[in-house]
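To keep things clear, I will list the structure first and then write my remarks on it.
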Amino acid sequence: MAHGFPHNASGGSVRLDSGNVVPGDRALKAPLQGQAGSTAGHARHLSSHPPLFGAIDLGSSNCRLLVARPCNSGFKVVDAFSRVVRLGEGVREKGYLCQGAMDRAIEALRICAKKLRKHPGIKLRAVATEACRSADNRDEFIRQVEAETGITLDIINPEEESRLALQACSALLDERPYGIVFDIGGGSTEICWIKVAKTGETSCIETLSMPCGVLCLTERYAGVENRRDRFEAMRSEIRERLEDFAQRNCCSDILDDNKVQMIGTSGTVTTFCGIALGLERYERHKVDGSDLRFDDAERVTELLLRMEADKRKGHPCIGNQRAELMDAGAAIFAAIRDIWPLATLKVADRGLREGILVDLMRADGHAIDPCEARRHTGDRIPVSV
């Protein structure tokens, strides 16, 4: 369900109600200085531009925001935010969200709320994934988020998560009749086995959600001191978890007959691509839609396993916050390549947020073609980390 963000031009109290901003009894902070104006002034401003839409993806590792407006058959991003919050820290072991993780997530969501207040009338959907799905105290956390930020989080199931990711990535599919689309997250990894019609329409045959993401896998294997041994142990676990799914859905003759394509959407895969391309800094437009050869992915894996912690943290495509999670990501990625030994995959720097925006814009009557989605993205959108 789409939600209107709780803000009005005069700074009075409003609430969320089925996508509409309506008067209510929830007290919110006044608009940021320099943003407030008369209702008539805001109305004139909004009428001269297409409407704005927002998407928040609160995952086990990251909190991400995207704000965009329809543009031709796609959309143009006007603001973005991303921060590592590690909401899923310790959830697998303890069964609940720890206070420190919730505090980090709420602080990031406060920043999202501050950004959203700059865009009166925006239509927002905010989703939470595996960390919240798995936590016993998820309802308490959702209530706290709404009370402190005004944002209503929707905890989505793995099927909805896969659908949104596939919707965002479908433009990258070619004419081959089958496809594997995977998303390596912080708390889980989603695999979607799809059928691609000659018209280009896609249907999901089966989805697998493994409770193994880069964060929980890193925590679970922290006791294995040797990095190579740790990597191989994680790779073996993921491979075993994938075998039954692969046997049900993808026999070897389909693979051999070049009928299967693969799309990878995650920080792991985009980082691998950036390293393989030799980028001096991460550049989305050079990564999104690129082909990554499996042999190049193997070379990047070996490079990462030989790279000391300081070098990983200092690498322009990795950075400090992702450095310690790269071994787990590399192991999951390697296991997927083991199970489906194709030659290349398509790299997607797009995912839940883009899928949400397509949903919201289509529901509002805009003819959004996923092929055009984010094609008109601004070059220098500020992204906080």
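Just so we're on the same page: first chain in the structure tokens is A, next is B, and so on; residues restart at 1 for each chain, and ligands are numbered from 1 in the order they show up.
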Residues near stretch 320-332 of chain A, cut-off 10 Å, only C-alpha atoms, skip fewer than 6 positions along chain, as a PyMOL selection string: chain A and resi 61+83-86+184-186+189+212-219+221+227-228+230-239+266-269+271-272+297-298+300-302+304-305+308-314+338+385
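Excluding A:Val145 itself and same-chain residues fewer than 2 positions from it, the residues having an atom within 12 Å of it are Leu58, Met102, Asp103, Arg104, Ala105, Ile106, Glu107, Ala108, Leu109, Arg110, Cys112, Ala113, Ala126, Ala128, Arg138, Asp139, Glu140, Phe141, Ile142, Arg143, Ala147, Glu148, Thr149, Gly150, Ile151, Thr152, Leu153 and Asp154 of chain A, counting only C-alpha atoms.
The strand (DSSP E) portion of stretch 251-310 of chain A consists of Val260, Gln261, Met262, Ile263, Gly264, Asp291, Leu292 and Arg293 of chain A, with states taken from DSSP on the backbone.
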Now that the selection is made, can you save its residues with all heavy atoms as a short mmCIF file (atom, residue, chain, number, x, y, z; two decimals), in the first residue's frame?
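Output saved as result-v6.cif:
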```
data_model
loop_
_atom_site.label_atom_id
_atom_site.label_comp_id
_atom_site.auth_asym_id
_atom_site.auth_seq_id
_atom_site.Cartn_x
_atom_site.Cartn_y
_atom_site.Cartn_z
N VAL A 260 19.38 -20.10 -20.56
CA VAL A 260 19.28 -19.49 -19.23
C VAL A 260 20.19 -18.27 -19.14
O VAL A 260 21.34 -18.31 -19.56
CB VAL A 260 19.66 -20.50 -18.13
CG1 VAL A 260 19.54 -19.85 -16.74
CG2 VAL A 260 18.78 -21.74 -18.21
N GLN A 261 19.66 -17.21 -18.59
CA GLN A 261 20.44 -15.99 -18.32
C GLN A 261 20.41 -15.71 -16.83
O GLN A 261 19.59 -16.26 -16.09
CB GLN A 261 19.85 -14.82 -19.09
CG GLN A 261 18.37 -14.56 -18.82
CD GLN A 261 17.75 -13.59 -19.79
OE1 GLN A 261 18.22 -12.47 -19.93
NE2 GLN A 261 16.70 -14.02 -20.49
N MET A 262 21.28 -14.84 -16.39
CA MET A 262 21.39 -14.55 -14.96
C MET A 262 21.55 -13.06 -14.73
O MET A 262 22.27 -12.39 -15.47
CB MET A 262 22.59 -15.30 -14.36
CG MET A 262 22.81 -15.06 -12.87
SD MET A 262 24.25 -15.96 -12.21
CE MET A 262 23.59 -17.63 -12.17
N ILE A 263 20.85 -12.57 -13.70
CA ILE A 263 20.99 -11.18 -13.26
C ILE A 263 21.30 -11.18 -11.78
O ILE A 263 20.63 -11.86 -10.99
CB ILE A 263 19.71 -10.37 -13.52
CG1 ILE A 263 19.44 -10.23 -15.02
CG2 ILE A 263 19.81 -8.98 -12.89
CD1 ILE A 263 18.17 -9.46 -15.33
N GLY A 264 22.32 -10.43 -11.40
CA GLY A 264 22.66 -10.29 -9.99
C GLY A 264 22.45 -8.87 -9.53
O GLY A 264 22.94 -7.93 -10.16
N ASP A 291 27.93 -6.51 -18.29
CA ASP A 291 28.12 -7.96 -18.28
C ASP A 291 29.37 -8.27 -17.47
O ASP A 291 30.44 -7.69 -17.70
CB ASP A 291 28.28 -8.51 -19.69
CG ASP A 291 26.99 -8.43 -20.49
OD1 ASP A 291 25.94 -8.82 -19.96
OD2 ASP A 291 27.04 -7.97 -21.65
N LEU A 292 29.25 -9.20 -16.52
CA LEU A 292 30.38 -9.64 -15.73
C LEU A 292 30.65 -11.10 -16.05
O LEU A 292 29.81 -11.97 -15.83
CB LEU A 292 30.09 -9.48 -14.23
CG LEU A 292 31.18 -9.96 -13.27
CD1 LEU A 292 32.47 -9.17 -13.46
CD2 LEU A 292 30.69 -9.87 -11.82
N ARG A 293 31.82 -11.36 -16.60
CA ARG A 293 32.20 -12.73 -16.92
C ARG A 293 32.49 -13.51 -15.64
O ARG A 293 33.05 -12.98 -14.68
CB ARG A 293 33.42 -12.75 -17.84
CG ARG A 293 33.17 -12.19 -19.24
CD ARG A 293 34.44 -12.23 -20.07
NE ARG A 293 34.99 -13.59 -20.13
CZ ARG A 293 34.61 -14.52 -20.99
NH1 ARG A 293 33.68 -14.23 -21.89
NH2 ARG A 293 35.15 -15.72 -20.98
#
```
Near A:Glu130, within 10 Å and counting only C-alpha atoms, which residues show up once chain neighbours fewer than 2 positions away are dropped, as a PyMOL selection string? chain A and resi 58-61+87-88+91+128+132-135+155-158+161+185-189+209-213
Store the residues of this selection in a file with N, CA, C and O atoms, as a CSV table (one decimal), in the first residue's frame.
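In the end it all went to out_20.csv:
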```csv
chain,number,residue,atom,x,y,z
A,58,LEU,N,14.5,-0.8,4.1
A,58,LEU,CA,15.3,-1.0,5.3
A,58,LEU,C,15.6,-2.5,5.4
A,58,LEU,O,14.8,-3.3,5.7
A,59,GLY,N,16.9,-2.8,5.1
A,59,GLY,CA,17.3,-4.2,5.1
A,59,GLY,C,18.1,-4.5,6.3
A,59,GLY,O,18.2,-3.8,7.3
A,60,SER,N,18.7,-5.7,6.3
A,60,SER,CA,19.4,-6.2,7.4
A,60,SER,C,20.7,-5.4,7.6
A,60,SER,O,21.3,-5.3,8.7
A,61,SER,N,21.3,-4.9,6.5
A,61,SER,CA,22.5,-4.2,6.5
A,61,SER,C,22.3,-2.7,6.3
A,61,SER,O,23.0,-1.9,7.0
A,87,LEU,N,20.9,-3.5,10.9
A,87,LEU,CA,19.7,-3.8,11.8
A,87,LEU,C,19.7,-5.3,12.1
A,87,LEU,O,19.2,-5.6,13.2
A,88,GLY,N,20.2,-6.1,11.3
A,88,GLY,CA,20.1,-7.6,11.5
A,88,GLY,C,21.2,-8.1,12.4
A,88,GLY,O,21.3,-9.3,12.6
A,91,VAL,N,20.5,-11.0,15.1
A,91,VAL,CA,19.1,-11.5,15.1
A,91,VAL,C,19.1,-13.0,15.0
A,91,VAL,O,18.2,-13.6,15.7
A,128,ALA,N,10.5,-3.1,5.0
A,128,ALA,CA,11.5,-3.7,5.8
A,128,ALA,C,11.5,-5.2,5.4
A,128,ALA,O,10.5,-5.8,5.0
A,132,CYS,N,13.6,-7.7,10.1
A,132,CYS,CA,12.3,-7.5,10.7
A,132,CYS,C,11.4,-8.8,10.6
A,132,CYS,O,10.7,-9.1,11.6
A,133,ARG,N,11.5,-9.5,9.5
A,133,ARG,CA,10.7,-10.7,9.4
A,133,ARG,C,11.1,-11.7,10.5
A,133,ARG,O,10.3,-12.4,11.0
A,134,SER,N,12.4,-11.7,10.8
A,134,SER,CA,12.9,-12.8,11.7
A,134,SER,C,12.8,-12.4,13.2
A,134,SER,O,13.0,-13.2,14.1
A,135,ALA,N,12.6,-11.1,13.5
A,135,ALA,CA,12.8,-10.6,14.9
A,135,ALA,C,11.5,-10.7,15.7
A,135,ALA,O,10.4,-10.4,15.2
A,155,ILE,N,6.5,-4.6,6.6
A,155,ILE,CA,7.3,-5.8,6.5
A,155,ILE,C,6.8,-6.7,5.4
A,155,ILE,O,5.7,-7.2,5.5
A,156,ILE,N,7.6,-6.9,4.4
A,156,ILE,CA,7.2,-7.6,3.2
A,156,ILE,C,7.8,-9.1,3.3
A,156,ILE,O,8.8,-9.3,3.9
A,157,ASN,N,7.0,-10.0,2.7
A,157,ASN,CA,7.5,-11.4,2.6
A,157,ASN,C,8.5,-11.6,1.5
A,157,ASN,O,8.7,-10.7,0.6
A,158,PRO,N,9.2,-12.8,1.5
A,158,PRO,CA,10.2,-13.0,0.5
A,158,PRO,C,9.6,-13.0,-0.9
A,158,PRO,O,10.3,-12.5,-1.9
A,161,GLU,N,9.4,-9.4,-1.9
A,161,GLU,CA,10.7,-8.8,-2.1
A,161,GLU,C,11.3,-9.3,-3.5
A,161,GLU,O,11.9,-8.4,-4.2
A,185,GLY,N,21.4,-10.2,0.2
A,185,GLY,CA,21.2,-9.2,1.1
A,185,GLY,C,22.0,-9.3,2.4
A,185,GLY,O,23.0,-10.1,2.4
A,186,GLY,N,21.7,-8.6,3.4
A,186,GLY,CA,22.4,-8.7,4.7
A,186,GLY,C,21.9,-9.8,5.5
A,186,GLY,O,22.7,-10.5,6.2
A,187,GLY,N,20.6,-10.1,5.5
A,187,GLY,CA,20.0,-11.1,6.3
A,187,GLY,C,19.6,-12.3,5.6
A,187,GLY,O,19.3,-13.4,6.1
A,188,SER,N,19.4,-12.2,4.2
A,188,SER,CA,18.9,-13.3,3.4
A,188,SER,C,19.4,-13.1,2.0
A,188,SER,O,19.8,-12.1,1.6
A,189,THR,N,19.2,-14.2,1.2
A,189,THR,CA,19.5,-14.2,-0.2
A,189,THR,C,18.3,-14.7,-0.9
A,189,THR,O,17.9,-15.8,-0.6
A,209,SER,N,14.1,-18.2,-0.7
A,209,SER,CA,14.6,-17.2,0.3
A,209,SER,C,15.5,-18.0,1.3
A,209,SER,O,14.9,-18.7,2.1
A,210,MET,N,16.8,-17.8,1.2
A,210,MET,CA,17.7,-18.5,2.2
A,210,MET,C,18.0,-17.5,3.3
A,210,MET,O,18.3,-16.3,3.1
A,211,PRO,N,17.9,-18.0,4.6
A,211,PRO,CA,18.2,-17.1,5.7
A,211,PRO,C,19.8,-16.9,5.8
A,211,PRO,O,20.3,-17.1,6.9
A,212,CYS,N,20.4,-16.6,4.7
A,212,CYS,CA,21.9,-16.4,4.7
A,212,CYS,C,22.2,-15.2,3.9
A,212,CYS,O,22.2,-15.2,2.7
A,213,GLY,N,22.5,-14.1,4.6
A,213,GLY,CA,23.0,-12.9,3.9
A,213,GLY,C,24.4,-12.6,4.4
A,213,GLY,O,25.0,-13.4,5.2
```
How far is it from atom CA of A:Thr199 to atom CA of A:Leu360, in Å with one decimal? 23.6 Å
From stretch 98-314 of chain A, collect each residue whose DSSP state is helix (DSSP H, G or I) and return the set as a ChimeraX atom specification. /A:99-116,130-134,138-149,158-172,214-220,227-249,252-256,267-276,284-287,294-306,309-314
